[in-house]
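A.B. asks: After the structure tokens below, expect a handful of questions from me.
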Amino acid sequence: MIDVENEGGEKMIGGVSLEVIYWYTLLVCAGIAIILVVFGDVFDFDGPIDPMLIVPWLTFTSLFGFLGERLTPLHSVLILIISGVIATALVFLLNFYVLMPMKNAESTLSASEKTLEGQMAEVVTPIPVKGMGEIRLKSVTGSISRPACFYAPQDSPAERGERVLIIEVKDRVCYVTPYEEMLKM
């Protein structure tokens, strides 16, 4: 039943050629891989077997197995071993250079907003004494606008164009105080 040759010299398992098995495995795994890329964040796998690694391994193994069966005269077991080794190397590189950095990247803005604290910004929409306005921060990568209100009670509102200092960022709102430059002597 396993590894039987027919008249054409084609290897068969249960009456199905290895090329067909590799081809359908490749198609199914490629479809699952697309689904995992789109919905991968919805499913959080913390177990020892990560589908984000198993599916590409099966895909690469079936791809190189199909190509090996079609293009080389090597024995089927040797083709499977070579395909598995190549797939293992590619999945290691995929994991090390793509998946791990993506998992370690910031997924929210909350951590990066902490870096706004201590920076100066310009008032875009006036900030009333008791209320919210809008500020703009300029950086090398561009400018961003954030809602803002005063950190401590103030006597007068911050008008458009005034400079403010960001004291704290909480729930995407910047708490600011008017910026007073040092006196020059």
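Residues in the structure tokens are named by chain (A, B, ... in the order shown) and by number from 1 within that chain; ligands are numbered from 1 in the order shown.
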List the spatial neighbours of Met52 in chain A as a list in words - criterion: any atom at most 8 Å away, only C-alpha atoms, same-chain residues fewer than 3 positions off excluded.

C.D. replies: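 Here the qualifying residues turn out to be Ala33, Leu36, Gly40, Val55 and Pro56 of chain A.
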
A.B. asks: Go ahead and write the residues just picked, N, CA and C atoms, as a JSON list (two decimals), in the first residue's frame.

C.D. replies:
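Listing of selection_16.json after writing:
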[["chain", "number", "residue", "atom", "x", "y", "z"],
["A", 33, "ALA", "N", -2.53, 29.15, 5.17],
["A", 33, "ALA", "CA", -1.55, 30.20, 5.43],
["A", 33, "ALA", "C", -2.14, 31.58, 5.17],
["A", 36, "LEU", "N", -4.39, 32.36, 8.03],
["A", 36, "LEU", "CA", -3.62, 32.71, 9.23],
["A", 36, "LEU", "C", -3.00, 34.09, 9.13],
["A", 40, "GLY", "N", -4.55, 35.86, 11.84],
["A", 40, "GLY", "CA", -3.59, 35.30, 12.79],
["A", 40, "GLY", "C", -3.62, 35.94, 14.15],
["A", 55, "VAL", "N", 2.22, 25.37, 9.49],
["A", 55, "VAL", "CA", 1.60, 25.50, 8.17],
["A", 55, "VAL", "C", 2.64, 25.87, 7.10],
["A", 56, "PRO", "N", 3.52, 26.86, 7.34],
["A", 56, "PRO", "CA", 4.54, 27.12, 6.31],
["A", 56, "PRO", "C", 5.49, 25.95, 6.12]]

A.B. asks: Excluding same-chain residues fewer than 3 positions from range 166-177 of chain A, what lies within 8 Å of it counting only C-alpha atoms, as number ranges by chain?

C.D. replies: A: 110, 113-114, 116-121, 146-152

A.B. asks: Give me a file of those residues, with N, CA and C atoms, as a PDB file, in the first residue's frame.

C.D. replies:
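The result, written out as out-v1.pdb:
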ATOM      1  N   SER A 110      -0.088  53.008  22.993  1.00  0.00           N
ATOM      2  CA  SER A 110       0.066  53.447  24.367  1.00  0.00           C
ATOM      3  C   SER A 110       1.534  53.548  24.779  1.00  0.00           C
ATOM      4  N   GLU A 113       3.141  56.515  22.999  1.00  0.00           N
ATOM      5  CA  GLU A 113       2.651  57.796  23.475  1.00  0.00           C
ATOM      6  C   GLU A 113       3.389  58.246  24.722  1.00  0.00           C
ATOM      7  N   LYS A 114       3.937  57.308  25.466  1.00  0.00           N
ATOM      8  CA  LYS A 114       4.729  57.686  26.640  1.00  0.00           C
ATOM      9  C   LYS A 114       5.958  58.491  26.228  1.00  0.00           C
ATOM     10  N   LEU A 116       5.966  60.817  24.171  1.00  0.00           N
ATOM     11  CA  LEU A 116       5.555  62.193  23.930  1.00  0.00           C
ATOM     12  C   LEU A 116       5.747  63.070  25.160  1.00  0.00           C
ATOM     13  N   GLU A 117       5.739  62.459  26.325  1.00  0.00           N
ATOM     14  CA  GLU A 117       5.868  63.220  27.560  1.00  0.00           C
ATOM     15  C   GLU A 117       7.209  63.946  27.589  1.00  0.00           C
ATOM     16  N   GLY A 118       7.153  65.236  27.932  1.00  0.00           N
ATOM     17  CA  GLY A 118       8.359  66.045  27.987  1.00  0.00           C
ATOM     18  C   GLY A 118       8.656  66.783  26.692  1.00  0.00           C
ATOM     19  N   GLN A 119       7.875  66.541  25.648  1.00  0.00           N
ATOM     20  CA  GLN A 119       8.102  67.223  24.381  1.00  0.00           C
ATOM     21  C   GLN A 119       7.255  68.485  24.291  1.00  0.00           C
ATOM     22  N   MET A 120       7.696  69.378  23.422  1.00  0.00           N
ATOM     23  CA  MET A 120       6.950  70.603  23.199  1.00  0.00           C
ATOM     24  C   MET A 120       6.047  70.427  21.990  1.00  0.00           C
ATOM     25  N   ALA A 121       4.911  71.118  22.015  1.00  0.00           N
ATOM     26  CA  ALA A 121       3.958  71.041  20.912  1.00  0.00           C
ATOM     27  C   ALA A 121       3.373  72.427  20.670  1.00  0.00           C
ATOM     28  N   ARG A 146      -2.928  65.598  18.528  1.00  0.00           N
ATOM     29  CA  ARG A 146      -3.531  64.889  19.659  1.00  0.00           C
ATOM     30  C   ARG A 146      -4.463  65.836  20.403  1.00  0.00           C
ATOM     31  N   PRO A 147      -5.523  65.296  20.993  1.00  0.00           N
ATOM     32  CA  PRO A 147      -6.358  66.124  21.868  1.00  0.00           C
ATOM     33  C   PRO A 147      -5.555  66.495  23.117  1.00  0.00           C
ATOM     34  N   ALA A 148      -5.842  67.674  23.662  1.00  0.00           N
ATOM     35  CA  ALA A 148      -5.074  68.125  24.817  1.00  0.00           C
ATOM     36  C   ALA A 148      -5.951  68.932  25.760  1.00  0.00           C
ATOM     37  N   CYS A 149      -5.585  68.884  27.028  1.00  0.00           N
ATOM     38  CA  CYS A 149      -6.188  69.741  28.040  1.00  0.00           C
ATOM     39  C   CYS A 149      -5.098  70.092  29.043  1.00  0.00           C
ATOM     40  N   PHE A 150      -5.392  71.036  29.909  1.00  0.00           N
ATOM     41  CA  PHE A 150      -4.376  71.492  30.859  1.00  0.00           C
ATOM     42  C   PHE A 150      -4.139  70.456  31.947  1.00  0.00           C
ATOM     43  N   TYR A 151      -2.890  70.350  32.363  1.00  0.00           N
ATOM     44  CA  TYR A 151      -2.492  69.427  33.423  1.00  0.00           C
ATOM     45  C   TYR A 151      -2.897  69.989  34.785  1.00  0.00           C
ATOM     46  N   ALA A 152      -2.699  71.287  34.952  1.00  0.00           N
ATOM     47  CA  ALA A 152      -3.047  71.972  36.196  1.00  0.00           C
ATOM     48  C   ALA A 152      -3.970  73.135  35.845  1.00  0.00           C
TER      49      ALA A 152
END

A.B. asks: To one decimal place, how far is CA of Phe92 in chain A from CA of Glu69 in chain A in Å?

C.D. replies: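 Straight-line distance from CA of Phe92 in chain A to CA of Glu69 in chain A works out to 24.1 Å.
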
A.B. asks: Hey, what's within 12 Å of Leu80 in chain A if we count only C-alpha atoms and toss same-chain stuff fewer than 2 positions away? As a ChimeraX atom specification, please?

C.D. replies: /A:18-19,22,58,60-69,74-78,82-87

A.B. asks: Name the residues of range 11-175 of chain A that come out as strand (DSSP E or B) in a backbone DSSP run; write them as a PDB file with C-alpha atoms, in the first residue's frame.

C.D. replies:
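Below is the file states22.pdb, written as the result:
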ATOM      1  CA  LYS A  11       5.307   6.267  -6.870  1.00  0.00           C
ATOM      2  CA  MET A  12       1.877   5.708  -5.322  1.00  0.00           C
ATOM      3  CA  ILE A  13       0.405   5.655  -1.839  1.00  0.00           C
ATOM      4  CA  VAL A  16      -2.701   8.094  -5.359  1.00  0.00           C
ATOM      5  CA  SER A  17       0.544   9.423  -6.816  1.00  0.00           C
ATOM      6  CA  MET A 120       6.950  70.603  23.199  1.00  0.00           C
ATOM      7  CA  ALA A 121       3.958  71.041  20.912  1.00  0.00           C
ATOM      8  CA  GLU A 122       2.047  73.816  19.192  1.00  0.00           C
ATOM      9  CA  VAL A 123      -1.604  74.552  19.941  1.00  0.00           C
ATOM     10  CA  VAL A 124      -3.754  73.997  16.829  1.00  0.00           C
ATOM     11  CA  THR A 125      -7.222  74.363  18.382  1.00  0.00           C
ATOM     12  CA  ILE A 127      -7.355  74.941  24.754  1.00  0.00           C
ATOM     13  CA  GLY A 133      -8.236  71.567  22.478  1.00  0.00           C
ATOM     14  CA  GLU A 134      -5.765  70.096  20.020  1.00  0.00           C
ATOM     15  CA  ILE A 135      -1.985  70.188  19.750  1.00  0.00           C
ATOM     16  CA  ARG A 136       0.450  69.247  16.978  1.00  0.00           C
ATOM     17  CA  LEU A 137       3.876  67.697  17.463  1.00  0.00           C
ATOM     18  CA  LYS A 138       6.455  67.872  14.738  1.00  0.00           C
ATOM     19  CA  SER A 139       9.195  65.283  14.396  1.00  0.00           C
ATOM     20  CA  GLY A 142       6.168  63.936  10.293  1.00  0.00           C
ATOM     21  CA  SER A 143       3.627  65.604  12.537  1.00  0.00           C
ATOM     22  CA  ILE A 144       0.869  64.175  14.697  1.00  0.00           C
ATOM     23  CA  SER A 145      -2.133  65.847  16.285  1.00  0.00           C
ATOM     24  CA  ARG A 146      -3.531  64.889  19.659  1.00  0.00           C
ATOM     25  CA  PRO A 147      -6.358  66.124  21.868  1.00  0.00           C
ATOM     26  CA  ALA A 148      -5.074  68.125  24.817  1.00  0.00           C
ATOM     27  CA  CYS A 149      -6.188  69.741  28.040  1.00  0.00           C
ATOM     28  CA  PHE A 150      -4.376  71.492  30.859  1.00  0.00           C
ATOM     29  CA  ALA A 158      -3.895  78.544  25.366  1.00  0.00           C
ATOM     30  CA  ARG A 163       3.792  76.438  22.608  1.00  0.00           C
ATOM     31  CA  VAL A 164       2.955  73.969  25.341  1.00  0.00           C
ATOM     32  CA  LEU A 165       4.868  71.273  27.196  1.00  0.00           C
ATOM     33  CA  ILE A 166       3.370  67.764  27.401  1.00  0.00           C
ATOM     34  CA  ILE A 167       3.405  66.619  31.016  1.00  0.00           C
ATOM     35  CA  GLU A 168       1.431  63.374  30.769  1.00  0.00           C
ATOM     36  CA  VAL A 169      -0.390  61.243  28.187  1.00  0.00           C
ATOM     37  CA  LYS A 170      -3.378  59.232  29.348  1.00  0.00           C
ATOM     38  CA  VAL A 173      -5.152  62.754  25.666  1.00  0.00           C
ATOM     39  CA  CYS A 174      -2.109  64.955  26.255  1.00  0.00           C
ATOM     40  CA  TYR A 175      -2.071  66.904  29.514  1.00  0.00           C
TER      41      TYR A 175
END
